[in-house]
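Below is one structure, written out as structure tokens; the observations come after it.
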2 protein chains.
Amino acid sequence: MTKEITIEKKVLSENERLAAELGNKMVLNGVLSLNIVSSPGAGKTSLLEKTIRDLKDEYKIAVVAGDVQTENDANRLVDAGGKWVRPLVTGGSCHLDARMISKAIKDLDLKSIDLLIIENVGNLVCPASYDLGEYMKVVLISVPEGDDKPLKYPGMFKRSGLMIVNKTDLLGTSDFSMDQVKQNARSINSDLDILETSCRTEDGVEDWYKWLRKHIKRARKKSV
Amino acid sequence: MTKEITIEKKVLSENERLAAELGNKMVLNGVLSLNIVSSPGAGKTSLLEKTIRDLKDEYKIAVVAGDVQTENDANRLVDAGGKWVRPLVTGGSCHLDARMISKAIKDLDLKSIDLLIIENVGNLVCPASYDLGEYMKVVLISVPEGDDKPLKYPGMFKRSGLMIVNKTDLLGTSDFSMDQVKQNARSINSDLDILETSCRTEDGVEDWYKWLRKHIKRARKKSV
């Protein structure tokens with residue numbers, strides 16, 4: 001048991017070293033890098049499809065699309081007009097780590113992009129422990145999952161800077177309460193930004209773009 | 001890296017040994033033990049609440065309710081009339097293992113129960129690798145998650161014996177196709193039993209009870 005823990009610590013500290021390197025590169029090149037995390041099927045890819053479609057002429061966007069299996073998400077993002085999209089199939093691993101990201105973006109000219117989005121594996125637990133050098137983790141939860149998720153998976157909500165509550169078109173189909181989910185999330189992380197979106201009705205999507213614009217601007221300023 | 005893999009193998013083989021012990025105990029005592037796995041918020045607890053409420057006079061049911069944090073699910077199951085319910089808070093770990101189960105059920109008189117349900121942590125990846133000595137893994141997916149999940153998380157669907165498609169009351173609110181999810185699941189595991197349920201409308205819940213009755217009967221026969 002002790003041996004197991006020691007090895008895990010070594011793996012994590014090696015990850016932190018690589019993540020710091022990645023983070024520095026992003027800052028130096030003025031790239032806003034976001035690590036999007038959620039349960040399976042919460043709508044990460046749908047939101048990214050829409051984002052690429054609507055902002056691809058405004059910003060240069062790169063995406064690393066992680067999945068345990070299949071390149072389907074990456075294909076969807078290319079179809080949406082994504083110019084630089086890389087699938088990252090973990091083949092069983094429950095999270096992405098900094099080494100995988102370094103490898104995935106090794107041919108990406110960071111100077112040429114504004115926004116790097118890393119779509120993590122659908123999992124509310126393990127990806128919380130792995131820094132990918134991102135500026136911020138963005139946790140997406142969807143209305144049908146229930147308003148108790150921040151309390152049950154606190155690590156992820158503690159380490160995220162923005163929570164997006166997606167599938168708001170399904171409000172009213174269950175006992176999900178928007179006030180309750182916000183209260184639960186803020187009890188874990190009082191600094192959390194919160195947005196509400198529906199990829200189906202497009203409600204709130206413009207707020208997400210506004211949020212992105214603000215942070216892309218900041219990332220650019222930092223690199224000057 | 002090699003060291004990490006070696007240690008992981010040791011942990012898994014120790015888990016297999018303990019799981020085999022647990023499995024033997026279940027068989028000898030005629031207990032049907034099920035390991036229920038799903039994404040966060042797919043409806044494991046809702047289905048179990050209903051099951052306990054409806055079958056508690058027919059069968060003696062025990063539940064181990066796993067969660068990363070909070071004992072809320074266990075409390076809900078006690079409120080539903082559960083007579084033997086134990087919360088199992090992992091405090092960060094992304095799955096349950098056989099050692100946790102052995103500890104959780106050490107004061108349970110297996111002779112006195114018909115059905116042991118283990119509600120795993122909400123995670124479609126990691127719990128696939130840990131045998132808990134169960135007769136069968138039951139994977140629950142919910143309509144809003146999308147019909148592609150079996151392809152993206154094949155390990156879990158390969159190792160399960162039953163797939164329950166839950167929240168069928170939300171059919172029609174997205175492009176989820178019941179035929180497609182079945183086809184995807186069977187392409188991974190052709191032997192999978194498949195049921196459809198809605199805890200909200202109660203559609204299909206009786207089929208789940210029928211399935212349970214059949215397997216409880218089988219478990220009893222095996223122990224004779």
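Here, A, B, ... name the chains of the structure tokens in the order displayed, residue numbers run from 1 inside each chain, and ligands are numbered from 1 in the same displayed order.
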
Counting only C-alpha atoms, what are the residues of chain B within 9 Å of chain A, and for each of them which pair of atoms is the nearest and at what distance in Å, to one decimal? Sort the table by chain and rising number, as JSON lines.
```
{"residue": "B:Met1", "atom": "CA", "partner": "A:Val11", "partner_atom": "CA", "distance": 8.4}
{"residue": "B:Lys3", "atom": "CA", "partner": "A:Ile7", "partner_atom": "CA", "distance": 7.8}
{"residue": "B:Glu4", "atom": "CA", "partner": "A:Ile7", "partner_atom": "CA", "distance": 6.2}
{"residue": "B:Ile7", "atom": "CA", "partner": "A:Glu4", "partner_atom": "CA", "distance": 6.2}
{"residue": "B:Glu8", "atom": "CA", "partner": "A:Glu4", "partner_atom": "CA", "distance": 7.7}
{"residue": "B:Val11", "atom": "CA", "partner": "A:Glu4", "partner_atom": "CA", "distance": 8.2}
{"residue": "B:Ser39", "atom": "CA", "partner": "A:Pro40", "partner_atom": "CA", "distance": 6.2}
{"residue": "B:Pro40", "atom": "CA", "partner": "A:Ser39", "partner_atom": "CA", "distance": 6.2}
{"residue": "B:Gly41", "atom": "CA", "partner": "A:Glu145", "partner_atom": "CA", "distance": 4.0}
{"residue": "B:Ala42", "atom": "CA", "partner": "A:Glu145", "partner_atom": "CA", "distance": 6.4}
{"residue": "B:Gly43", "atom": "CA", "partner": "A:Glu145", "partner_atom": "CA", "distance": 8.1}
{"residue": "B:Asp67", "atom": "CA", "partner": "A:Lys152", "partner_atom": "CA", "distance": 6.8}
{"residue": "B:Val68", "atom": "CA", "partner": "A:Lys152", "partner_atom": "CA", "distance": 6.0}
{"residue": "B:Gln69", "atom": "CA", "partner": "A:Lys152", "partner_atom": "CA", "distance": 4.8}
{"residue": "B:Thr70", "atom": "CA", "partner": "A:Lys152", "partner_atom": "CA", "distance": 5.9}
{"residue": "B:Glu71", "atom": "CA", "partner": "A:Lys152", "partner_atom": "CA", "distance": 8.9}
{"residue": "B:Asn72", "atom": "CA", "partner": "A:Lys152", "partner_atom": "CA", "distance": 8.7}
{"residue": "B:Gly92", "atom": "CA", "partner": "A:Val125", "partner_atom": "CA", "distance": 7.4}
{"residue": "B:Ser93", "atom": "CA", "partner": "A:Val125", "partner_atom": "CA", "distance": 7.7}
{"residue": "B:Cys94", "atom": "CA", "partner": "A:Val125", "partner_atom": "CA", "distance": 5.7}
{"residue": "B:Gly122", "atom": "CA", "partner": "A:Leu124", "partner_atom": "CA", "distance": 8.1}
{"residue": "B:Asn123", "atom": "CA", "partner": "A:Asn123", "partner_atom": "CA", "distance": 6.0}
{"residue": "B:Leu124", "atom": "CA", "partner": "A:Asn123", "partner_atom": "CA", "distance": 7.3}
{"residue": "B:Val125", "atom": "CA", "partner": "A:Cys94", "partner_atom": "CA", "distance": 5.7}
{"residue": "B:Cys126", "atom": "CA", "partner": "A:Cys94", "partner_atom": "CA", "distance": 6.5}
{"residue": "B:Ser142", "atom": "CA", "partner": "A:Pro144", "partner_atom": "CA", "distance": 9.0}
{"residue": "B:Pro144", "atom": "CA", "partner": "A:Pro144", "partner_atom": "CA", "distance": 7.0}
{"residue": "B:Glu145", "atom": "CA", "partner": "A:Gly41", "partner_atom": "CA", "distance": 4.0}
{"residue": "B:Gly146", "atom": "CA", "partner": "A:Gly41", "partner_atom": "CA", "distance": 6.0}
{"residue": "B:Asp148", "atom": "CA", "partner": "A:Gly41", "partner_atom": "CA", "distance": 8.8}
{"residue": "B:Lys149", "atom": "CA", "partner": "A:Pro40", "partner_atom": "CA", "distance": 7.5}
{"residue": "B:Leu151", "atom": "CA", "partner": "A:Gln69", "partner_atom": "CA", "distance": 6.9}
{"residue": "B:Lys152", "atom": "CA", "partner": "A:Gln69", "partner_atom": "CA", "distance": 4.8}
{"residue": "B:Tyr153", "atom": "CA", "partner": "A:Val68", "partner_atom": "CA", "distance": 6.2}
{"residue": "B:Pro154", "atom": "CA", "partner": "A:Gln69", "partner_atom": "CA", "distance": 7.3}
{"residue": "B:Gly155", "atom": "CA", "partner": "A:Gly92", "partner_atom": "CA", "distance": 7.5}
{"residue": "B:Asp169", "atom": "CA", "partner": "A:Thr173", "partner_atom": "CA", "distance": 8.8}
{"residue": "B:Leu170", "atom": "CA", "partner": "A:Thr173", "partner_atom": "CA", "distance": 8.0}
{"residue": "B:Thr173", "atom": "CA", "partner": "A:Leu170", "partner_atom": "CA", "distance": 8.0}
{"residue": "B:Ser174", "atom": "CA", "partner": "A:Arg200", "partner_atom": "CA", "distance": 8.4}
{"residue": "B:Arg200", "atom": "CA", "partner": "A:Ser174", "partner_atom": "CA", "distance": 8.4}
```

Superposition output for chain A against chain B, all Cα paired in order, as an mmCIF file with C-alpha atoms, in the first residue's frame:
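Saved the output as selection-v5.cif:
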```cif
data_model
loop_
_atom_site.group_PDB
_atom_site.id
_atom_site.type_symbol
_atom_site.label_atom_id
_atom_site.label_comp_id
_atom_site.auth_asym_id
_atom_site.auth_seq_id
_atom_site.Cartn_x
_atom_site.Cartn_y
_atom_site.Cartn_z
ATOM 1 C CA MET A 1 6.658 3.821 -15.803
ATOM 2 C CA THR A 2 7.388 0.073 -15.566
ATOM 3 C CA LYS A 3 7.394 0.311 -11.794
ATOM 4 C CA GLU A 4 4.009 1.992 -11.852
ATOM 5 C CA ILE A 5 2.561 -0.772 -14.025
ATOM 6 C CA THR A 6 4.026 -3.524 -11.839
ATOM 7 C CA ILE A 7 2.485 -2.025 -8.716
ATOM 8 C CA GLU A 8 -0.857 -1.587 -10.473
ATOM 9 C CA LYS A 9 -0.790 -5.252 -11.494
ATOM 10 C CA LYS A 10 -0.091 -6.284 -7.894
ATOM 11 C CA VAL A 11 -2.983 -4.173 -6.624
ATOM 12 C CA LEU A 12 -5.310 -5.689 -9.221
ATOM 13 C CA SER A 13 -4.269 -9.275 -8.525
ATOM 14 C CA GLU A 14 -4.724 -8.739 -4.783
ATOM 15 C CA ASN A 15 -8.158 -7.357 -5.640
ATOM 16 C CA GLU A 16 -8.960 -10.440 -7.705
ATOM 17 C CA ARG A 17 -8.043 -12.706 -4.834
ATOM 18 C CA LEU A 18 -10.324 -10.824 -2.426
ATOM 19 C CA ALA A 19 -13.100 -10.629 -5.027
ATOM 20 C CA ALA A 20 -12.974 -14.395 -5.531
ATOM 21 C CA GLU A 21 -13.342 -14.877 -1.767
ATOM 22 C CA LEU A 22 -16.323 -12.525 -1.706
ATOM 23 C CA GLY A 23 -17.878 -14.212 -4.743
ATOM 24 C CA ASN A 24 -17.594 -17.636 -3.104
ATOM 25 C CA LYS A 25 -19.302 -16.374 0.034
ATOM 26 C CA MET A 26 -22.179 -14.990 -2.013
ATOM 27 C CA VAL A 27 -22.665 -18.245 -3.916
ATOM 28 C CA LEU A 28 -22.491 -20.367 -0.756
ATOM 29 C CA ASN A 29 -25.097 -18.191 0.918
ATOM 30 C CA GLY A 30 -27.379 -17.997 -2.107
ATOM 31 C CA VAL A 31 -27.053 -14.236 -2.354
ATOM 32 C CA LEU A 32 -27.474 -12.479 -5.690
ATOM 33 C CA SER A 33 -24.848 -9.717 -5.711
ATOM 34 C CA LEU A 34 -24.961 -6.947 -8.293
ATOM 35 C CA ASN A 35 -22.450 -4.175 -8.904
ATOM 36 C CA ILE A 36 -24.333 -1.206 -10.359
ATOM 37 C CA VAL A 37 -22.183 1.175 -12.392
ATOM 38 C CA SER A 38 -22.964 4.334 -14.368
ATOM 39 C CA SER A 39 -21.996 7.922 -15.126
ATOM 40 C CA PRO A 40 -22.750 10.449 -12.385
ATOM 41 C CA GLY A 41 -26.450 11.232 -12.270
ATOM 42 C CA ALA A 42 -27.721 8.443 -14.534
ATOM 43 C CA GLY A 43 -30.254 7.380 -11.911
ATOM 44 C CA LYS A 44 -28.716 4.492 -9.922
ATOM 45 C CA THR A 45 -30.065 5.752 -6.606
ATOM 46 C CA SER A 46 -33.511 6.570 -8.013
ATOM 47 C CA LEU A 47 -33.868 3.064 -9.410
ATOM 48 C CA LEU A 48 -32.680 1.538 -6.133
ATOM 49 C CA GLU A 49 -35.064 3.700 -4.084
ATOM 50 C CA LYS A 50 -37.939 2.413 -6.171
ATOM 51 C CA THR A 51 -36.677 -1.182 -6.027
ATOM 52 C CA ILE A 52 -36.388 -1.126 -2.247
ATOM 53 C CA ARG A 53 -39.799 0.496 -1.844
ATOM 54 C CA ASP A 54 -41.491 -2.080 -4.093
ATOM 55 C CA LEU A 55 -39.598 -5.284 -3.209
ATOM 56 C CA LYS A 56 -38.654 -4.851 0.451
ATOM 57 C CA ASP A 57 -41.438 -7.155 1.634
ATOM 58 C CA GLU A 58 -40.661 -9.755 -1.024
ATOM 59 C CA TYR A 59 -36.879 -9.965 -0.583
ATOM 60 C CA LYS A 60 -34.265 -9.177 2.018
ATOM 61 C CA ILE A 61 -32.132 -6.531 0.371
ATOM 62 C CA ALA A 62 -28.773 -5.126 1.475
ATOM 63 C CA VAL A 63 -27.074 -2.148 -0.169
ATOM 64 C CA VAL A 64 -23.559 -0.741 -0.068
ATOM 65 C CA ALA A 65 -23.823 2.811 -1.426
ATOM 66 C CA GLY A 66 -20.483 4.079 -2.715
ATOM 67 C CA ASP A 67 -19.713 7.737 -3.275
ATOM 68 C CA VAL A 68 -16.653 9.951 -3.530
ATOM 69 C CA GLN A 69 -18.241 12.273 -0.989
ATOM 70 C CA THR A 70 -21.479 12.555 1.077
ATOM 71 C CA GLU A 71 -23.757 9.864 2.488
ATOM 72 C CA ASN A 72 -26.793 11.354 0.736
ATOM 73 C CA ASP A 73 -27.512 8.300 -1.418
ATOM 74 C CA ALA A 74 -27.388 5.940 1.547
ATOM 75 C CA ASN A 75 -29.778 8.239 3.434
ATOM 76 C CA ARG A 76 -32.202 8.230 0.498
ATOM 77 C CA LEU A 77 -32.189 4.413 0.467
ATOM 78 C CA VAL A 78 -32.834 4.228 4.207
ATOM 79 C CA ASP A 79 -35.732 6.661 3.751
ATOM 80 C CA ALA A 80 -37.086 4.352 1.036
ATOM 81 C CA GLY A 81 -37.289 1.577 3.634
ATOM 82 C CA GLY A 82 -33.866 -0.028 3.202
ATOM 83 C CA LYS A 83 -33.203 -2.156 6.301
ATOM 84 C CA TRP A 84 -29.488 -2.747 5.749
ATOM 85 C CA VAL A 85 -27.769 0.132 3.950
ATOM 86 C CA ARG A 86 -24.134 1.106 4.385
ATOM 87 C CA PRO A 87 -22.603 4.272 2.950
ATOM 88 C CA LEU A 88 -19.109 3.786 1.582
ATOM 89 C CA VAL A 89 -17.414 7.156 1.139
ATOM 90 C CA THR A 90 -14.189 6.764 -0.829
ATOM 91 C CA GLY A 91 -12.960 10.274 0.002
ATOM 92 C CA GLY A 92 -11.537 10.822 -3.478
ATOM 93 C CA SER A 93 -11.057 7.352 -4.924
ATOM 94 C CA CYS A 94 -12.725 6.871 -8.296
ATOM 95 C CA HIS A 95 -13.946 3.287 -7.768
ATOM 96 C CA LEU A 96 -14.791 0.711 -5.114
ATOM 97 C CA ASP A 97 -12.516 -2.280 -4.607
ATOM 98 C CA ALA A 98 -13.014 -5.713 -3.060
ATOM 99 C CA ARG A 99 -11.252 -4.771 0.179
ATOM 100 C CA MET A 100 -13.701 -1.895 0.750
ATOM 101 C CA ILE A 101 -16.645 -4.245 0.168
ATOM 102 C CA SER A 102 -15.277 -6.924 2.530
ATOM 103 C CA LYS A 103 -14.949 -4.292 5.213
ATOM 104 C CA ALA A 104 -18.371 -2.735 4.529
ATOM 105 C CA ILE A 105 -20.244 -6.048 4.803
ATOM 106 C CA LYS A 106 -18.287 -7.613 7.658
ATOM 107 C CA ASP A 107 -21.265 -7.338 10.050
ATOM 108 C CA LEU A 108 -23.803 -8.467 7.440
ATOM 109 C CA ASP A 109 -25.257 -11.952 7.942
ATOM 110 C CA LEU A 110 -25.229 -13.152 4.332
ATOM 111 C CA LYS A 111 -27.504 -16.068 5.201
ATOM 112 C CA SER A 112 -30.240 -13.591 6.054
ATOM 113 C CA ILE A 113 -30.348 -11.767 2.716
ATOM 114 C CA ASP A 114 -31.416 -12.476 -0.867
ATOM 115 C CA LEU A 115 -29.918 -9.566 -2.742
ATOM 116 C CA LEU A 116 -26.779 -7.472 -2.204
ATOM 117 C CA ILE A 117 -26.613 -4.366 -4.340
ATOM 118 C CA ILE A 118 -23.363 -2.456 -4.561
ATOM 119 C CA GLU A 119 -23.894 1.043 -5.895
ATOM 120 C CA ASN A 120 -20.524 1.991 -7.322
ATOM 121 C CA VAL A 121 -19.034 5.489 -7.668
ATOM 122 C CA GLY A 122 -20.463 7.384 -10.664
ATOM 123 C CA ASN A 123 -17.740 6.716 -13.222
ATOM 124 C CA LEU A 124 -17.854 4.796 -16.517
ATOM 125 C CA VAL A 125 -14.122 4.086 -16.603
ATOM 126 C CA CYS A 126 -12.309 2.987 -13.439
ATOM 127 C CA PRO A 127 -14.913 0.707 -11.793
ATOM 128 C CA ALA A 128 -14.687 -1.547 -14.886
ATOM 129 C CA SER A 129 -11.255 -2.765 -13.724
ATOM 130 C CA TYR A 130 -12.269 -3.785 -10.206
ATOM 131 C CA ASP A 131 -14.114 -7.038 -9.621
ATOM 132 C CA LEU A 132 -16.091 -6.834 -6.367
ATOM 133 C CA GLY A 133 -16.985 -10.508 -6.307
ATOM 134 C CA GLU A 134 -20.338 -9.677 -7.843
ATOM 135 C CA TYR A 135 -22.443 -12.119 -9.810
ATOM 136 C CA MET A 136 -22.865 -9.427 -12.433
ATOM 137 C CA LYS A 137 -22.080 -5.816 -13.263
ATOM 138 C CA VAL A 138 -25.188 -3.875 -14.258
ATOM 139 C CA VAL A 139 -24.439 -0.782 -16.317
ATOM 140 C CA LEU A 140 -27.028 1.967 -16.254
ATOM 141 C CA ILE A 141 -27.018 4.622 -18.909
ATOM 142 C CA SER A 142 -29.504 7.423 -19.260
ATOM 143 C CA VAL A 143 -31.093 8.823 -22.398
ATOM 144 C CA PRO A 144 -29.643 12.371 -22.066
ATOM 145 C CA GLU A 145 -26.083 10.981 -22.097
ATOM 146 C CA GLY A 146 -26.392 9.991 -25.759
ATOM 147 C CA ASP A 147 -26.451 6.683 -27.612
ATOM 148 C CA ASP A 148 -22.686 6.638 -28.302
ATOM 149 C CA LYS A 149 -21.589 5.806 -24.745
ATOM 150 C CA PRO A 150 -21.045 2.041 -25.244
ATOM 151 C CA LEU A 151 -18.544 2.807 -28.024
ATOM 152 C CA LYS A 152 -16.707 5.429 -25.976
ATOM 153 C CA TYR A 153 -16.501 3.419 -22.741
ATOM 154 C CA PRO A 154 -16.302 -0.136 -24.106
ATOM 155 C CA GLY A 155 -14.590 -1.696 -21.073
ATOM 156 C CA MET A 156 -17.626 -1.193 -18.890
ATOM 157 C CA PHE A 157 -20.078 -2.562 -21.437
ATOM 158 C CA LYS A 158 -17.852 -5.559 -22.164
ATOM 159 C CA ARG A 159 -17.742 -6.513 -18.486
ATOM 160 C CA SER A 160 -21.442 -5.989 -17.735
ATOM 161 C CA GLY A 161 -24.193 -8.584 -18.078
ATOM 162 C CA LEU A 162 -27.129 -6.186 -18.144
ATOM 163 C CA MET A 163 -27.527 -2.689 -19.548
ATOM 164 C CA ILE A 164 -30.416 -0.614 -18.258
ATOM 165 C CA VAL A 165 -31.332 2.392 -20.387
ATOM 166 C CA ASN A 166 -32.869 4.789 -17.876
ATOM 167 C CA LYS A 167 -34.780 8.091 -18.154
ATOM 168 C CA THR A 168 -36.787 6.879 -21.146
ATOM 169 C CA ASP A 169 -39.269 9.668 -20.331
ATOM 170 C CA LEU A 170 -36.652 11.963 -21.951
ATOM 171 C CA LEU A 171 -36.732 10.145 -25.302
ATOM 172 C CA GLY A 172 -37.478 12.709 -27.988
ATOM 173 C CA THR A 173 -35.708 15.582 -26.200
ATOM 174 C CA SER A 174 -32.427 14.833 -28.043
ATOM 175 C CA ASP A 175 -31.228 12.790 -31.020
ATOM 176 C CA PHE A 176 -30.764 9.699 -28.804
ATOM 177 C CA SER A 177 -31.883 6.549 -30.651
ATOM 178 C CA MET A 178 -32.849 3.449 -28.669
ATOM 179 C CA ASP A 179 -32.055 1.205 -31.646
ATOM 180 C CA GLN A 180 -28.639 2.821 -32.014
ATOM 181 C CA VAL A 181 -27.692 2.453 -28.341
ATOM 182 C CA LYS A 182 -28.660 -1.222 -28.437
ATOM 183 C CA GLN A 183 -26.708 -1.788 -31.631
ATOM 184 C CA ASN A 184 -23.675 0.015 -30.166
ATOM 185 C CA ALA A 185 -23.861 -1.956 -26.916
ATOM 186 C CA ARG A 186 -24.242 -5.316 -28.671
ATOM 187 C CA SER A 187 -21.318 -4.534 -30.980
ATOM 188 C CA ILE A 188 -19.199 -4.445 -27.805
ATOM 189 C CA ASN A 189 -20.942 -7.297 -25.976
ATOM 190 C CA SER A 190 -23.331 -9.501 -27.919
ATOM 191 C CA ASP A 191 -24.543 -11.314 -24.763
ATOM 192 C CA LEU A 192 -25.746 -8.198 -22.973
ATOM 193 C CA ASP A 193 -29.283 -8.254 -21.533
ATOM 194 C CA ILE A 194 -30.993 -4.910 -22.154
ATOM 195 C CA LEU A 195 -33.844 -3.253 -20.254
ATOM 196 C CA GLU A 196 -35.465 0.175 -20.586
ATOM 197 C CA THR A 197 -36.735 2.075 -17.549
ATOM 198 C CA SER A 198 -38.054 5.407 -16.411
ATOM 199 C CA CYS A 199 -38.109 6.005 -12.669
ATOM 200 C CA ARG A 200 -40.368 8.981 -13.302
ATOM 201 C CA THR A 201 -43.167 7.252 -15.257
ATOM 202 C CA GLU A 202 -42.345 3.756 -13.893
ATOM 203 C CA ASP A 203 -42.257 2.435 -17.466
ATOM 204 C CA GLY A 204 -40.193 -0.750 -17.628
ATOM 205 C CA VAL A 205 -39.604 -0.935 -13.883
ATOM 206 C CA GLU A 206 -41.660 -4.135 -13.686
ATOM 207 C CA ASP A 207 -39.315 -5.733 -16.288
ATOM 208 C CA TRP A 208 -36.392 -4.949 -13.999
ATOM 209 C CA TYR A 209 -38.174 -6.650 -11.101
ATOM 210 C CA LYS A 210 -38.880 -9.669 -13.311
ATOM 211 C CA TRP A 211 -35.190 -9.809 -14.218
ATOM 212 C CA LEU A 212 -34.248 -9.561 -10.510
ATOM 213 C CA ARG A 213 -36.684 -12.329 -9.518
ATOM 214 C CA LYS A 214 -35.251 -14.681 -12.129
ATOM 215 C CA HIS A 215 -31.666 -14.105 -10.985
ATOM 216 C CA ILE A 216 -32.481 -14.226 -7.260
ATOM 217 C CA LYS A 217 -34.095 -17.608 -7.886
ATOM 218 C CA ARG A 218 -30.994 -18.814 -9.727
ATOM 219 C CA ALA A 219 -28.673 -17.619 -6.951
ATOM 220 C CA ARG A 220 -30.751 -19.529 -4.390
ATOM 221 C CA LYS A 221 -30.614 -22.721 -6.462
ATOM 222 C CA LYS A 222 -26.853 -22.490 -6.816
ATOM 223 C CA SER A 223 -26.369 -22.435 -3.051
ATOM 224 C CA VAL A 224 -28.364 -25.617 -2.476
#
```

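Note that DSSP on the backbone gives strand (DSSP E or B) to these residues of region 70-213 of chain B: Trp84, Val85, Arg86, Pro87, Leu88, Val89, Leu115, Leu116, Ile117, Ile118, Glu119, Met136, Lys137, Val138, Val139, Leu140, Ile141, Ser142, Ser160, Gly161, Leu162, Met163, Ile164, Val165, Asn166, Asp193, Ile194, Leu195 and Glu196 of chain B.
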